[in-house]
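Note sheet for the following structure.
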Amino acid sequence: SSSSSSSSSSKAKAWRKSGKVRSAEGAGAPKLILPEGLYCETIYKTQRRPTSTVWVGNVPIGSEHPIARQTMTTTDTKNVDATVEQVMKCADNGADLVRITVQGGREAEACMHIREKLFKYGYDTPLVADIHFNPKVALRVCDAFEKIRVNPGNFADGIKKFDDLTYETQEEYDAEVEQMEEIFTPLVEKCKKLGRAIRIGTNHGSLSARILSYYGDTPGGMVESAFEFARVCRKHDYHNFLFSMKASNPLVMVQAYRLLASEMYKLDWNYPLHLGVTEAGEGEDGRMKSAIGIGTLLMDGLGDTIRVSLTEDPELEME
């Protein structure tokens with residue numbers, strides 16, 4: 001893993017030196033910066049980027065399949081009946097997948113009953129566990145849900161402390177990467193064994209202190225944050241995963257996804273993409289922000305599953 005860490009650090013320096021990755025939220029008017037090289041099949045028409053197929057239960061996600069739509073419950077996960085009712089309402093309104101937040105052990109226990117009740121009522125809609133800060137909870141809920149969403153910024157590094165870290169040597173940086181791998185590997189192995197999927201979901205607002213120290217608050221840091229976790233998956237020959245690069249600013253979001261696609265072209269990786277704008281809001285504002293970000297990337301031919309994130313009832317995200 002130290003060799004992969006060395007290559008990632010050298011890539012970081014190359015990205016910074018080239019100026020290819022800069023924050024779109026700096027001083028002055030935000031600017032959309034295109035990555036160097038190929039980031040989509042063609043800029044002259046919409047042509048989907050070829051990807052592998054990731055199976056989430058009975059739902060295939062990838063370029064050979066229709067774009068899957070998903071949403072997220074707003075109920076207290078410990079309230080099993082209310083969550084089951086909301087999942088069924090979402091499924092009835094066209095949701096292909098439904099994500100549920102799983103904060104701790106009690107929520108993980110409730111997830112077992114949620115999945116069981118949905119099957120009892122004839123609903124096999126795949127469920128996605130939203131995990132932050134708690135690898136043990138991810139391992140537990142993996143027994144019930146078809147997909148696990150992990151945030152590379154806090155899955156292994158814990159709650160963001162806003163510390164300015166300085167690494168005196170490459171060995172110090174590598175040691176933290178190795179620690180992340182040690183924490184993440186059990187989930188990869190269990191998902192591979194059970195046929196579960198993983199979304200490596202980077203969020204612009206929650207990059208780890210380690211990534212921030214090397215890349216700053218940039219799309220380049222978002223991509224490298226996800227790639228650290230992807231390398232662990234690939235090391236264990238696990239490929240049933242996909243990426244997301246979410247941000248509340250559509251410009252940052254578009255830039256991060258395009259950079260991600262560009263880097264995957266260079267590596268000959270073909271993993272699918274989940275598109276979404278974080279905390280888009282409600283009403284017209286929320287819908288416009290999502291339309292700008294998601295629509296731009298779909299026109300690029302990027303994206304295999306989407307969520308329009310609104311601060312409204314989740315079934316309304318299907319409209």
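By order of appearance in the structure tokens: chains A, B, ..., then residues from 1 within every chain, and ligands from 1 in the order shown.
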With DSSP run on the backbone, what are the helix (DSSP H, G or I) residues within segment 26-189 of chain A? I'd like them as a ChimeraX atom specification. /A:80-92,105-120,135-141,170-189
Near-Trp269 of chain A list (12 Å; only C-alpha atoms; drop same-chain fewer than 4 positions) as a VMD selection string: chain A and resid 49 to 52 227 230 to 231 234 239 241 to 243 260 to 265 273
Residues within 8 Å of segment 70-83 of chain A, please, as a CSV table (one decimal) with all heavy atoms, in the first residue's frame. Count only C-alpha atoms; anything in the same chain fewer than 6 positions from it doesn't count.
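Ended up saving to selection.csv:
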chain,number,residue,atom,x,y,z
A,90,CYS,N,-42.2,5.8,-1.6
A,90,CYS,CA,-41.2,6.2,-2.6
A,90,CYS,C,-41.1,5.2,-3.7
A,90,CYS,O,-41.1,5.6,-4.9
A,90,CYS,CB,-39.8,6.2,-1.9
A,90,CYS,SG,-39.6,7.6,-0.7
A,95,ALA,N,-39.2,5.2,-7.3
A,95,ALA,CA,-37.9,5.1,-6.9
A,95,ALA,C,-37.3,3.7,-7.1
A,95,ALA,O,-38.0,2.7,-6.7
A,95,ALA,CB,-37.8,5.4,-5.4
A,96,ASP,N,-36.2,3.6,-7.7
A,96,ASP,CA,-35.5,2.3,-8.0
A,96,ASP,C,-34.7,1.8,-6.8
A,96,ASP,O,-34.5,0.6,-6.5
A,96,ASP,CB,-34.6,2.4,-9.2
A,96,ASP,CG,-35.3,2.7,-10.5
A,96,ASP,OD1,-36.3,1.9,-10.8
A,96,ASP,OD2,-35.0,3.7,-11.1
A,97,LEU,N,-34.2,2.8,-6.0
A,97,LEU,CA,-33.5,2.5,-4.8
A,97,LEU,C,-33.9,3.5,-3.7
A,97,LEU,O,-34.3,4.7,-4.1
A,97,LEU,CB,-31.9,2.6,-4.9
A,97,LEU,CG,-31.2,1.7,-6.0
A,97,LEU,CD1,-31.2,2.4,-7.3
A,97,LEU,CD2,-29.8,1.4,-5.5
A,98,VAL,N,-33.8,3.2,-2.4
A,98,VAL,CA,-34.1,4.1,-1.4
A,98,VAL,C,-33.0,4.0,-0.3
A,98,VAL,O,-32.6,3.0,0.1
A,98,VAL,CB,-35.4,3.8,-0.7
A,98,VAL,CG1,-35.7,4.8,0.5
A,98,VAL,CG2,-36.6,3.9,-1.7
A,99,ARG,N,-32.4,5.2,0.0
A,99,ARG,CA,-31.3,5.3,1.0
A,99,ARG,C,-31.9,5.7,2.3
A,99,ARG,O,-32.8,6.5,2.5
A,99,ARG,CB,-30.3,6.3,0.5
A,99,ARG,CG,-29.1,6.5,1.5
A,99,ARG,CD,-27.9,7.1,0.7
A,99,ARG,NE,-28.2,8.2,-0.1
A,99,ARG,CZ,-27.8,9.5,0.1
A,99,ARG,NH1,-27.0,9.7,1.2
A,99,ARG,NH2,-28.1,10.5,-0.7
A,100,ILE,N,-31.3,5.1,3.4
A,100,ILE,CA,-31.7,5.3,4.8
A,100,ILE,C,-30.5,5.6,5.6
A,100,ILE,O,-29.5,4.9,5.5
A,100,ILE,CB,-32.5,4.0,5.3
A,100,ILE,CG1,-33.7,3.7,4.5
A,100,ILE,CG2,-32.8,4.2,6.8
A,100,ILE,CD1,-34.4,2.4,4.8
A,101,THR,N,-30.6,6.6,6.4
A,101,THR,CA,-29.4,6.9,7.3
A,101,THR,C,-29.3,5.9,8.4
A,101,THR,O,-30.3,5.6,9.0
A,101,THR,CB,-29.5,8.4,7.8
A,101,THR,OG1,-28.3,8.7,8.5
A,101,THR,CG2,-30.7,8.6,8.7
A,102,VAL,N,-28.1,5.5,8.7
A,102,VAL,CA,-27.9,4.5,9.8
A,102,VAL,C,-26.8,5.1,10.7
A,102,VAL,O,-25.6,4.9,10.4
A,102,VAL,CB,-27.5,3.2,9.2
A,102,VAL,CG1,-27.4,2.1,10.3
A,102,VAL,CG2,-28.4,2.7,8.1
A,106,ARG,N,-28.5,1.1,17.3
A,106,ARG,CA,-30.0,0.9,17.3
A,106,ARG,C,-30.6,1.1,16.0
A,106,ARG,O,-31.6,0.4,15.6
A,106,ARG,CB,-30.5,2.0,18.3
A,106,ARG,CG,-30.2,1.7,19.8
A,106,ARG,CD,-30.9,2.6,20.7
A,106,ARG,NE,-30.5,4.0,20.5
A,106,ARG,CZ,-31.0,5.0,21.1
A,106,ARG,NH1,-32.1,4.9,21.9
A,106,ARG,NH2,-30.6,6.3,20.9
A,107,GLU,N,-30.1,2.0,15.2
A,107,GLU,CA,-30.6,2.2,13.8
A,107,GLU,C,-30.2,0.9,12.9
A,107,GLU,O,-31.1,0.5,12.1
A,107,GLU,CB,-30.0,3.4,13.1
A,107,GLU,CG,-30.5,4.7,13.7
A,107,GLU,CD,-29.9,5.2,15.0
A,107,GLU,OE1,-28.9,4.5,15.4
A,107,GLU,OE2,-30.3,6.2,15.5
A,110,ALA,N,-32.7,-1.7,13.7
A,110,ALA,CA,-34.0,-1.3,13.1
A,110,ALA,C,-34.0,-1.7,11.6
A,110,ALA,O,-35.0,-2.1,11.1
A,110,ALA,CB,-34.3,0.1,13.3
A,111,CYS,N,-32.8,-1.6,11.0
A,111,CYS,CA,-32.7,-1.9,9.6
A,111,CYS,C,-33.0,-3.3,9.3
A,111,CYS,O,-33.6,-3.6,8.2
A,111,CYS,CB,-31.3,-1.5,9.0
A,111,CYS,SG,-31.0,0.3,8.9
A,113,HIS,N,-35.2,-5.1,10.7
A,113,HIS,CA,-36.7,-5.2,10.8
A,113,HIS,C,-37.3,-4.5,9.6
A,113,HIS,O,-38.3,-5.0,9.0
A,113,HIS,CB,-37.2,-4.7,12.1
A,113,HIS,CG,-36.7,-5.4,13.3
A,113,HIS,ND1,-37.0,-6.7,13.6
A,113,HIS,CD2,-35.9,-4.9,14.3
A,113,HIS,CE1,-36.4,-7.1,14.7
A,113,HIS,NE2,-35.7,-6.0,15.2
A,114,ILE,N,-36.7,-3.4,9.2
A,114,ILE,CA,-37.2,-2.7,8.0
A,114,ILE,C,-37.1,-3.5,6.8
A,114,ILE,O,-38.1,-3.6,6.0
A,114,ILE,CB,-36.4,-1.3,7.8
A,114,ILE,CG1,-36.7,-0.4,8.9
A,114,ILE,CG2,-36.7,-0.7,6.4
A,114,ILE,CD1,-35.8,0.8,9.0
A,305,THR,N,-26.9,6.7,-12.2
A,305,THR,CA,-28.0,6.8,-11.3
A,305,THR,C,-28.0,8.2,-10.7
A,305,THR,O,-27.0,8.8,-10.6
A,305,THR,CB,-27.9,5.7,-10.1
A,305,THR,OG1,-28.9,5.8,-9.2
A,305,THR,CG2,-26.5,5.8,-9.4
A,306,ILE,N,-29.2,8.7,-10.4
A,306,ILE,CA,-29.3,10.1,-9.9
A,306,ILE,C,-30.2,10.2,-8.7
A,306,ILE,O,-31.1,9.4,-8.5
A,306,ILE,CB,-29.8,11.0,-11.0
A,306,ILE,CG1,-31.3,10.6,-11.4
A,306,ILE,CG2,-28.9,11.0,-12.2
A,306,ILE,CD1,-32.0,11.6,-12.3
A,307,ARG,N,-29.9,11.2,-7.9
A,307,ARG,CA,-30.8,11.6,-6.8
A,307,ARG,C,-31.0,13.1,-6.9
A,307,ARG,O,-30.0,13.9,-6.8
A,307,ARG,CB,-30.4,11.2,-5.5
A,307,ARG,CG,-31.4,11.6,-4.4
A,307,ARG,CD,-30.9,11.7,-3.0
A,307,ARG,NE,-31.9,12.4,-2.2
A,307,ARG,CZ,-31.6,12.8,-0.9
A,307,ARG,NH1,-30.4,12.7,-0.4
A,307,ARG,NH2,-32.6,13.4,-0.2
A,308,VAL,N,-32.2,13.6,-7.0
A,308,VAL,CA,-32.5,15.1,-6.9
A,308,VAL,C,-32.8,15.3,-5.4
A,308,VAL,O,-33.8,15.0,-4.9
A,308,VAL,CB,-33.7,15.5,-7.7
A,308,VAL,CG1,-34.0,16.9,-7.5
A,308,VAL,CG2,-33.4,15.2,-9.2
A,309,SER,N,-31.8,15.9,-4.7
A,309,SER,CA,-31.9,16.1,-3.3
A,309,SER,C,-32.7,17.3,-2.9
A,309,SER,O,-32.2,18.5,-3.2
A,309,SER,CB,-30.4,16.2,-2.7
A,309,SER,OG,-30.5,16.4,-1.3
A,313,ASP,N,-40.7,16.1,1.1
A,313,ASP,CA,-41.0,14.7,1.2
A,313,ASP,C,-40.2,13.9,0.1
A,313,ASP,O,-40.2,14.4,-1.0
A,313,ASP,CB,-42.5,14.4,1.1
A,313,ASP,CG,-43.2,15.0,2.4
A,313,ASP,OD1,-42.6,15.1,3.4
A,313,ASP,OD2,-44.4,15.2,2.3
A,314,PRO,N,-39.6,12.8,0.5
A,314,PRO,CA,-38.7,12.1,-0.5
A,314,PRO,C,-39.4,11.7,-1.8
A,314,PRO,O,-38.8,11.6,-2.8
A,314,PRO,CB,-38.2,10.9,0.3
A,314,PRO,CG,-39.1,10.7,1.4
A,314,PRO,CD,-39.6,12.1,1.8
A,315,GLU,N,-40.7,11.3,-1.7
A,315,GLU,CA,-41.4,10.8,-2.9
A,315,GLU,C,-41.5,12.0,-4.0
A,315,GLU,O,-41.6,11.7,-5.2
A,315,GLU,CB,-42.8,10.3,-2.6
A,315,GLU,CG,-43.8,11.2,-2.0
A,315,GLU,CD,-43.7,11.4,-0.5
A,315,GLU,OE1,-42.8,10.9,0.1
A,315,GLU,OE2,-44.7,11.9,0.0
A,317,GLU,N,-39.2,13.8,-4.9
A,317,GLU,CA,-37.9,13.8,-5.7
A,317,GLU,C,-38.1,13.0,-6.9
A,317,GLU,O,-37.2,13.1,-7.8
A,317,GLU,CB,-36.8,13.3,-4.8
A,317,GLU,CG,-36.4,14.2,-3.6
A,317,GLU,CD,-35.3,13.7,-2.8
A,317,GLU,OE1,-34.7,12.6,-3.1
A,317,GLU,OE2,-34.9,14.4,-1.9
A,318,MET,N,-39.1,12.2,-7.0
A,318,MET,CA,-39.4,11.4,-8.2
A,318,MET,C,-40.1,12.1,-9.3
A,318,MET,O,-40.2,11.7,-10.4
A,318,MET,CB,-40.2,10.1,-7.8
A,318,MET,CG,-39.5,9.2,-6.8
A,318,MET,SD,-38.0,8.5,-7.5
A,318,MET,CE,-36.8,9.4,-6.7
Write out as a PyMOL selection string all residues of segment 28-154 of chain A that DSSP puts in strand (DSSP E) for this structure's backbone. chain A and resi 54-56+59-61+68-72+97-101+127-131+147-150
Counting only C-alpha atoms, which of A:Pro66, A:Gly195, A:Gly205, A:Gly220 gets nearest to Asn151 of chain A? A:Gly205
List the neighbours of Gly301 of chain A out to 8 Å using only C-alpha atoms; skip same-chain residues closer than 3 positions along the sequence, and give me the result as a PyMOL selection string. chain A and resi 40-41+46-49+297-298
Neighbouring residues of Val150 of chain A were defined as those with any atom within 6 Å, considering only C-alpha atoms; residues of the same chain fewer than 2 positions away were excluded. Please report them as a PyMOL selection string. chain A and resi 131+200-201
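Of the listed residues A:Glu85, A:Glu116, A:Asp237, A:Glu284, the one whose atoms come nearest to Asp143 of chain A is A:Glu116, with distances taken using only C-alpha atoms.
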What is the distance, in Å and to one decimal place, between atom CA of Asp285 of chain A and atom CA of Val87 of chain A?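 Answer for the atom CA of Asp285 of chain A to atom CA of Val87 of chain A separation: 25.2 Å.
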To one decimal place, how far is atom CA of Arg196 of chain A from atom CA of Glu319 of chain A in Å? 28.2 Å
Contacts of segment 176-191 of chain A at 7 Å (only C-alpha atoms; same-chain gap of 3+ positions) as JSON, numbers by chain: {"A": [1, 139, 156, 172, 173, 194, 195, 196, 197, 232, 233]}
Using only C-alpha atoms, can you tell me which of A:Gly104, A:Gly295, A:Gly221, A:Gly283 comes closest to Pro152 of chain A? A:Gly221
